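K.L.:
Shown below is the structure under consideration.
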Protein chains: 2
Amino acid sequence: MRATMIHAPGDIRVEDVPEPKIIKPTDAIIRTVATCVCGSDLWAYRGLDPVADSHPMGHEYVGVVEEVGSEVTSVRPGQFVVGSFATSDNTCPNCLAGYQSSCVHREVMSTCQAEYVRIPNAEGTLVSTAELPGEQLLPSLLTLSDVMGTGWYAAKAAEVGPGSTAVVVGDGAVGLCGVIATKELGAARIIAMSRHENRQKLALEFGATDIVTERGEEGVAQVRELTGGVGADSVLECVGTAQSMQQALKATRPGGNVGFVGVPHDVAIDGQELFFSHVGLRGGPAPVRAYLPDLIDRVLTGRINPGKVFDLTLPLEQVAEGYKAMDERRAIKALLTP
Amino acid sequence: MRATMIHAPGDIRVEDVPEPKIIKPTDAIIRTVATCVCGSDLWAYRGLDPVADSHPMGHEYVGVVEEVGSEVTSVRPGQFVVGSFATSDNTCPNCLAGYQSSCVHREVMSTCQAEYVRIPNAEGTLVSTAELPGEQLLPSLLTLSDVMGTGWYAAKAAEVGPGSTAVVVGDGAVGLCGVIATKELGAARIIAMSRHENRQKLALEFGATDIVTERGEEGVAQVRELTGGVGADSVLECVGTAQSMQQALKATRPGGNVGFVGVPHDVAIDGQELFFSHVGLRGGPAPVRAYLPDLIDRVLTGRINPGKVFDLTLPLEQVAEGYKAMDERRAIKALLTP
């Protein structure tokens with residue numbers, strides 16, 4: 001089959017590799033219907049995460065079940081499924097607490113930019129739809145595999161509630177999905193921090209009420225001005241740099257919350273600063289699995305349309321151009337069809 | 001009047017100073033009935049916080065109102081009052097959000113180890129009792145000014161709830177009061193981390209169900225063993241060192257919460273470590289004022305007896321011995337009577 005490999009920073013290729021097989025009785029094999037490039041894939045592409053060996057890429061997927069292991073009963077061949085970028089048994093104490101991305105049997109997907117994918121812990125990871133969804137729904141369903149679920153978690157971790165004021169730091173696909181989540185969770189005021197016109201437009205379409213184009217101290221000052229000098233109730237940190245974390249913490253009111261979902265790179269939080277801020281902080285890889293049934297429903301009923309974050313669609317063979325376009329910020333997010 | 005001054009690390013003296021006067025119409029003057037030495041006072045005493053100039057000491061107090069400014073109507077001369085170590089107007093947005101210790105008009109008390117004290121923001125800071133309380137209740141009421149309120153906040157910030165498992169890191173007065181708080185908030189299992197026999201005894205009396213004497217990695221391993229390998233729902237960090245923070249974060253289950261109330265000294269939290277832990281973190285100076293009515297009620301009805309943390313009572317004149325005894329860990333906490 002055809003699959004995406006990275007060989008070195010900037011060196012992405014589609015190659016022939018063996019088709020995956022059932023290894024454990026808890027596995028499933030899916031035929032990929034759509035997959036995509038994630039902002040976090042760019043860390044390796046840009047050489048900011050080391051690329052020690054050539055390895056496959058991709059952790060987002062929707063597909064049709066081809067085959068299941070003997071212990072998998074929740075999905076069957078022929079069904080359309082969505083699953084999380086982190087697999088889970090959905091029965092361990094961490095899963096039962098709603099943190100499936102800390103499942104004691106977690107395996108993080110990394111082979112999904114390919115024609116077929118092996119899904120470990122299939123029983124607890126995959127959620128099927130009643131019917132094969134129409135093609136126009138595929139982009140939105142695909143976002144549930146990571147970015148929409150991650151935006152949702154950011155909003156939950158930031159404790160967005162009805163009538164609250166929320167700030168979204170980061171205008172990538174996750175930040176934009178975070179805007180959708182804050183809107184769905186009832187925020188009355190949604191301040192999106194964005195410097196790119198096309199992303200501002202999408203943020204407003206998704207429910208943002210205000211756009212702040214400044215960053216750092218100036219951006220924080222803008223947020224404070226918009227929030228009566230106090231800061232926001234909830235801030236979604238969707239980038240993962242030291243600057244974006246500072247921006248998020250300082251834009252939050254005492255007693256407010258920051259949900260951080262950008263994988264932190266060189267971020268250290270000063271204990272005394274956090275102490276005197278009175279800000280609550282929770283982050284991590286999103287427990288996407290927990291939200292899938294609800295989010296699938298919101299997509300199928302047309303309530304949300306996060307698939308709009310895909311502004312580039314390419315055949316899998318052109319995956320390298322997808323990385324390049326995102327790296328150069330010509331695209332927000334690239335969808336790939338095998 | 002007689003008041004406590006620090007002149008250099010280790011150099012604590014009671015001296016004659018002018019009596020405080022009403023400066024602003026929002027002030028009150030109280031005659032101190034009881035005050036005490038705080039664990040946080042020891043940072044300066046030990047030279048771990050700089051002592052640039054000679055200055056007064058003390059931020060915990062109960063007393064009788066002597067005089068009030070023209071804008072103070074909620075308390076009147078002759079009333080017995082308890083107040084927070086941080087003053088608040090109790091009307092600003094941060095106060096209304098329940099974070100009175102981030103009041104926009106906050107002043108942190110620092111002259112309370114004395115015969116008389118000026119209380120800024122008296123209207124929003126002081127809470128009076130209906131009658132003059134009996135002498136046996138004074139120690140417990142005094143703890144509400146800081147340590148009991150701080151232990152309560154630690155438990156609230158750690159989201160202790162009915163049936164939960166809580167860990168308390170630190171066996172000082174705040175940690176011991178944290179045990180009381182977790183018990184009152186319904187924790188089913190309360191693991192106190194303590195190496196001192198007399199403090200272990202008090203922790204058990206206050207409601208601890210388990211004692212862990214190990215620290216660091218070993219202590220964390222013990223907590224994990226006691227919690228089915230997963231970690232605790234809630235951890236109260238009542239010390240403020242890098243080690244105690246690490247211990248707290250690692251003892252918490254994914255999705256659990258750390259409430260940290262020890263003022264952090266040289267604590268930096270690694271962003272990526274916090275990210276993958278899935279632990280929620282909130283700290284800060286406790287909004288004691290928010291809890292005073294409820295906690296006064298719990299003390300007056302005999303439901304809680306946090307005054308037991310005072311194992312040394314001295315006349316104000318012997319305050320230096322109070323600091324010394326706490327520094328040498330001969331006393332948990334020293335009560336002073338002017």
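We label chains A, B, ... in the order they appear in the structure tokens, count residues from 1 in each chain, and number ligands from 1 in the order shown.
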Please return, as a VMD selection string, all residues of segment 50-264 of chain B that DSSP assigns to strand (DSSP E or B) on the basis of the backbone.
P.N.:
chain B and resid 55 to 56 61 to 68 80 to 83 86 108 114 116 to 119 126 to 128 165 to 169 189 to 193 210 to 212 232 to 237 252 to 260
K.L.:
Counting only C-alpha atoms, give me one row per residue of chain A with an atom at most 10 Å from an atom of chain B, showing the shortest contact pair and its distance in Å to one decimal, sorted by chain then residue number, as JSON lines.
P.N.:
{"residue": "A:Cys92", "atom": "CA", "partner": "B:Val230", "partner_atom": "CA", "distance": 9.8}
{"residue": "A:Pro93", "atom": "CA", "partner": "B:Val230", "partner_atom": "CA", "distance": 7.4}
{"residue": "A:Asn94", "atom": "CA", "partner": "B:Pro254", "partner_atom": "CA", "distance": 6.5}
{"residue": "A:Cys95", "atom": "CA", "partner": "B:Pro254", "partner_atom": "CA", "distance": 9.5}
{"residue": "A:Ala97", "atom": "CA", "partner": "B:Gly255", "partner_atom": "CA", "distance": 7.1}
{"residue": "A:Gly98", "atom": "CA", "partner": "B:Gly255", "partner_atom": "CA", "distance": 7.7}
{"residue": "A:Tyr99", "atom": "CA", "partner": "B:Gly255", "partner_atom": "CA", "distance": 6.4}
{"residue": "A:Gln100", "atom": "CA", "partner": "B:Pro254", "partner_atom": "CA", "distance": 9.5}
{"residue": "A:Ser101", "atom": "CA", "partner": "B:His278", "partner_atom": "CA", "distance": 9.0}
{"residue": "A:Ser102", "atom": "CA", "partner": "B:Pro254", "partner_atom": "CA", "distance": 6.7}
{"residue": "A:Cys103", "atom": "CA", "partner": "B:Pro254", "partner_atom": "CA", "distance": 9.3}
{"residue": "A:Val104", "atom": "CA", "partner": "B:Val230", "partner_atom": "CA", "distance": 9.2}
{"residue": "A:Ala157", "atom": "CA", "partner": "B:Gly280", "partner_atom": "CA", "distance": 8.3}
{"residue": "A:Gly228", "atom": "CA", "partner": "B:Pro93", "partner_atom": "CA", "distance": 9.2}
{"residue": "A:Gly229", "atom": "CA", "partner": "B:Pro93", "partner_atom": "CA", "distance": 9.6}
{"residue": "A:Val230", "atom": "CA", "partner": "B:Pro93", "partner_atom": "CA", "distance": 7.4}
{"residue": "A:Asp233", "atom": "CA", "partner": "B:Ala97", "partner_atom": "CA", "distance": 9.9}
{"residue": "A:Gly240", "atom": "CA", "partner": "B:Gly271", "partner_atom": "CA", "distance": 8.7}
{"residue": "A:Thr241", "atom": "CA", "partner": "B:Gly271", "partner_atom": "CA", "distance": 9.4}
{"residue": "A:Ala242", "atom": "CA", "partner": "B:Gly271", "partner_atom": "CA", "distance": 8.8}
{"residue": "A:Met245", "atom": "CA", "partner": "B:Gly271", "partner_atom": "CA", "distance": 9.1}
{"residue": "A:Arg253", "atom": "CA", "partner": "B:Asn94", "partner_atom": "CA", "distance": 7.8}
{"residue": "A:Pro254", "atom": "CA", "partner": "B:Asn94", "partner_atom": "CA", "distance": 6.5}
{"residue": "A:Gly255", "atom": "CA", "partner": "B:Tyr99", "partner_atom": "CA", "distance": 6.4}
{"residue": "A:Gly256", "atom": "CA", "partner": "B:Ala97", "partner_atom": "CA", "distance": 9.1}
{"residue": "A:Asn257", "atom": "CA", "partner": "B:Arg282", "partner_atom": "CA", "distance": 8.8}
{"residue": "A:Val258", "atom": "CA", "partner": "B:Gly280", "partner_atom": "CA", "distance": 9.7}
{"residue": "A:Gly259", "atom": "CA", "partner": "B:Gly280", "partner_atom": "CA", "distance": 9.2}
{"residue": "A:Phe260", "atom": "CA", "partner": "B:Phe275", "partner_atom": "CA", "distance": 7.7}
{"residue": "A:Val261", "atom": "CA", "partner": "B:Phe275", "partner_atom": "CA", "distance": 7.8}
{"residue": "A:Gly262", "atom": "CA", "partner": "B:Phe275", "partner_atom": "CA", "distance": 8.9}
{"residue": "A:Val263", "atom": "CA", "partner": "B:Gln272", "partner_atom": "CA", "distance": 6.8}
{"residue": "A:Pro264", "atom": "CA", "partner": "B:Gln272", "partner_atom": "CA", "distance": 5.2}
{"residue": "A:His265", "atom": "CA", "partner": "B:Gln272", "partner_atom": "CA", "distance": 7.0}
{"residue": "A:Asp266", "atom": "CA", "partner": "B:Gly271", "partner_atom": "CA", "distance": 7.4}
{"residue": "A:Val267", "atom": "CA", "partner": "B:Gly271", "partner_atom": "CA", "distance": 4.9}
{"residue": "A:Ala268", "atom": "CA", "partner": "B:Asp270", "partner_atom": "CA", "distance": 4.7}
{"residue": "A:Ile269", "atom": "CA", "partner": "B:Ile269", "partner_atom": "CA", "distance": 4.9}
{"residue": "A:Asp270", "atom": "CA", "partner": "B:Ala268", "partner_atom": "CA", "distance": 4.7}
{"residue": "A:Gly271", "atom": "CA", "partner": "B:Val267", "partner_atom": "CA", "distance": 4.9}
{"residue": "A:Gln272", "atom": "CA", "partner": "B:Pro264", "partner_atom": "CA", "distance": 5.1}
{"residue": "A:Glu273", "atom": "CA", "partner": "B:Pro264", "partner_atom": "CA", "distance": 8.9}
{"residue": "A:Leu274", "atom": "CA", "partner": "B:Gly283", "partner_atom": "CA", "distance": 7.2}
{"residue": "A:Phe275", "atom": "CA", "partner": "B:Gly284", "partner_atom": "CA", "distance": 4.1}
{"residue": "A:Phe276", "atom": "CA", "partner": "B:Gly284", "partner_atom": "CA", "distance": 5.2}
{"residue": "A:Ser277", "atom": "CA", "partner": "B:Gly284", "partner_atom": "CA", "distance": 7.0}
{"residue": "A:His278", "atom": "CA", "partner": "B:Gly284", "partner_atom": "CA", "distance": 5.2}
{"residue": "A:Val279", "atom": "CA", "partner": "B:Arg282", "partner_atom": "CA", "distance": 6.1}
{"residue": "A:Gly280", "atom": "CA", "partner": "B:Arg282", "partner_atom": "CA", "distance": 4.3}
{"residue": "A:Leu281", "atom": "CA", "partner": "B:Leu281", "partner_atom": "CA", "distance": 5.1}
{"residue": "A:Arg282", "atom": "CA", "partner": "B:Gly280", "partner_atom": "CA", "distance": 4.3}
{"residue": "A:Gly283", "atom": "CA", "partner": "B:Phe275", "partner_atom": "CA", "distance": 4.9}
{"residue": "A:Gly284", "atom": "CA", "partner": "B:Phe275", "partner_atom": "CA", "distance": 4.1}
{"residue": "A:Pro285", "atom": "CA", "partner": "B:Phe276", "partner_atom": "CA", "distance": 6.8}
{"residue": "A:Ala286", "atom": "CA", "partner": "B:His278", "partner_atom": "CA", "distance": 9.1}
{"residue": "A:Pro287", "atom": "CA", "partner": "B:His278", "partner_atom": "CA", "distance": 9.8}
K.L.:
Quick one: residues within 8 Å of Val212 of chain A, only C-alpha atoms, excluding same-chain residues fewer than 4 positions away - as JSON, numbers by chain?
P.N.:
{"A": [191, 192, 193, 194, 195, 219, 222, 223]}
K.L.:
Between atom CA of Pro306 of chain B and atom CA of Gly134 of chain B, measure the distance and give it in Å to one decimal.
P.N.:
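Separation between atom CA of Pro306 of chain B and atom CA of Gly134 of chain B: 15.4 Å.
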K.L.:
Pick out each residue of segment 63-124 of chain B that DSSP on the backbone tags as alpha helix (DSSP H); I need them as a VMD selection string.
P.N.:
chain B and resid 93 to 96 122 to 124
K.L.:
Any idea what's packed within 12 Å of Gln200 of chain B, counting only C-alpha atoms, ignoring anything in its chain fewer than 3 positions away? Could you give it as a ChimeraX atom specification?
P.N.:
/B:168,170-173,175-176,179,191-197,203-213,309,332
K.L.:
Might you pull out every residue within 9 Å of Asp311 of chain A, with only C-alpha atoms counted and same-chain residues fewer than 2 positions away left off, and present them as a PyMOL selection string?
P.N.:
chain A and resi 307-309+313+331-335
K.L.:
Just the selected residues (N, CA, C and O atoms), exported as a PDB file, in the first residue's frame, please.
P.N.:
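And here is the file that came out, part_9.pdb:
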ATOM      1  N   GLY A 307     -15.179  21.092   9.596  1.00  0.00           N
ATOM      2  CA  GLY A 307     -14.442  20.696   8.393  1.00  0.00           C
ATOM      3  C   GLY A 307     -13.973  21.891   7.579  1.00  0.00           C
ATOM      4  O   GLY A 307     -13.088  21.754   6.721  1.00  0.00           O
ATOM      5  N   LYS A 308     -14.550  23.053   7.868  1.00  0.00           N
ATOM      6  CA  LYS A 308     -14.121  24.264   7.142  1.00  0.00           C
ATOM      7  C   LYS A 308     -12.661  24.634   7.401  1.00  0.00           C
ATOM      8  O   LYS A 308     -12.112  25.494   6.719  1.00  0.00           O
ATOM      9  N   VAL A 309     -12.061  24.038   8.419  1.00  0.00           N
ATOM     10  CA  VAL A 309     -10.633  24.331   8.649  1.00  0.00           C
ATOM     11  C   VAL A 309      -9.759  23.773   7.531  1.00  0.00           C
ATOM     12  O   VAL A 309      -8.615  24.197   7.375  1.00  0.00           O
ATOM     13  N   THR A 313      -7.253  20.363  -0.215  1.00  0.00           N
ATOM     14  CA  THR A 313      -7.502  18.922  -0.307  1.00  0.00           C
ATOM     15  C   THR A 313      -6.601  18.359  -1.395  1.00  0.00           C
ATOM     16  O   THR A 313      -6.540  18.905  -2.495  1.00  0.00           O
ATOM     17  N   ALA A 331      -1.768  27.210   3.817  1.00  0.00           N
ATOM     18  CA  ALA A 331      -2.985  26.462   4.141  1.00  0.00           C
ATOM     19  C   ALA A 331      -3.124  26.359   5.647  1.00  0.00           C
ATOM     20  O   ALA A 331      -2.133  26.264   6.371  1.00  0.00           O
ATOM     21  N   ILE A 332      -4.368  26.383   6.141  1.00  0.00           N
ATOM     22  CA  ILE A 332      -4.619  26.139   7.561  1.00  0.00           C
ATOM     23  C   ILE A 332      -4.422  24.657   7.853  1.00  0.00           C
ATOM     24  O   ILE A 332      -3.693  24.281   8.767  1.00  0.00           O
ATOM     25  N   LYS A 333      -5.059  23.822   7.021  1.00  0.00           N
ATOM     26  CA  LYS A 333      -4.959  22.378   7.259  1.00  0.00           C
ATOM     27  C   LYS A 333      -5.258  21.640   5.959  1.00  0.00           C
ATOM     28  O   LYS A 333      -6.181  22.018   5.231  1.00  0.00           O
ATOM     29  N   ALA A 334      -4.455  20.607   5.691  1.00  0.00           N
ATOM     30  CA  ALA A 334      -4.562  19.880   4.421  1.00  0.00           C
ATOM     31  C   ALA A 334      -5.208  18.511   4.625  1.00  0.00           C
ATOM     32  O   ALA A 334      -4.739  17.703   5.430  1.00  0.00           O
ATOM     33  N   LEU A 335      -6.291  18.264   3.884  1.00  0.00           N
ATOM     34  CA  LEU A 335      -6.964  16.961   3.901  1.00  0.00           C
ATOM     35  C   LEU A 335      -6.382  16.091   2.787  1.00  0.00           C
ATOM     36  O   LEU A 335      -6.100  16.585   1.692  1.00  0.00           O
TER      37      LEU A 335
END
K.L.:
Of the candidates B:Gly47, B:Gly83, B:Pro25, B:Gly39, which shows the shortest atom-to-atom distance to Gly69 of chain B, using only C-alpha atoms?
P.N.:
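With only C-alpha atoms as the atom set, the closest residue is B:Pro25.
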K.L.:
What is the atom CA of Arg289 of chain A-atom CA of Asp89 of chain A distance in Å, reported with one decimal?
P.N.:
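Straight-line distance from atom CA of Arg289 of chain A to atom CA of Asp89 of chain A works out to 10.1 Å.
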K.L.:
Got a sec: who's within 9 Å of Tyr291 of chain B, counting only C-alpha atoms, leaving out chain neighbours fewer than 5 positions off, as a PyMOL selection string?
P.N.:
chain B and resi 144+149+152-153+296
K.L.:
Excluding Ala166 of chain B and any residue of its chain fewer than 3 positions from it, enumerate the residues within 9 Å of it, using only C-alpha atoms, and give them as a list in words.
P.N.:
Ala155, Ala158, Val160, Val179, Thr182, Ala187, Ala188, Arg189, Ile190, Ile191, Ala192, Ala232, Asp233, Ser234, Val235, Leu236 and Thr252 of chain B
K.L.:
Please determine, counting only C-alpha atoms, which residue among A:Thr165, A:Thr32, A:Thr301, A:Gln113 has the shortest atom-to-atom distance to Glu317 of chain A.
P.N.:
A:Gln113
K.L.:
Which distance in Å separates atom CA of Val169 of chain B and atom CA of Asp327 of chain B, to one decimal?
P.N.:
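Separation of atom CA of Val169 of chain B and atom CA of Asp327 of chain B: 18.9 Å.
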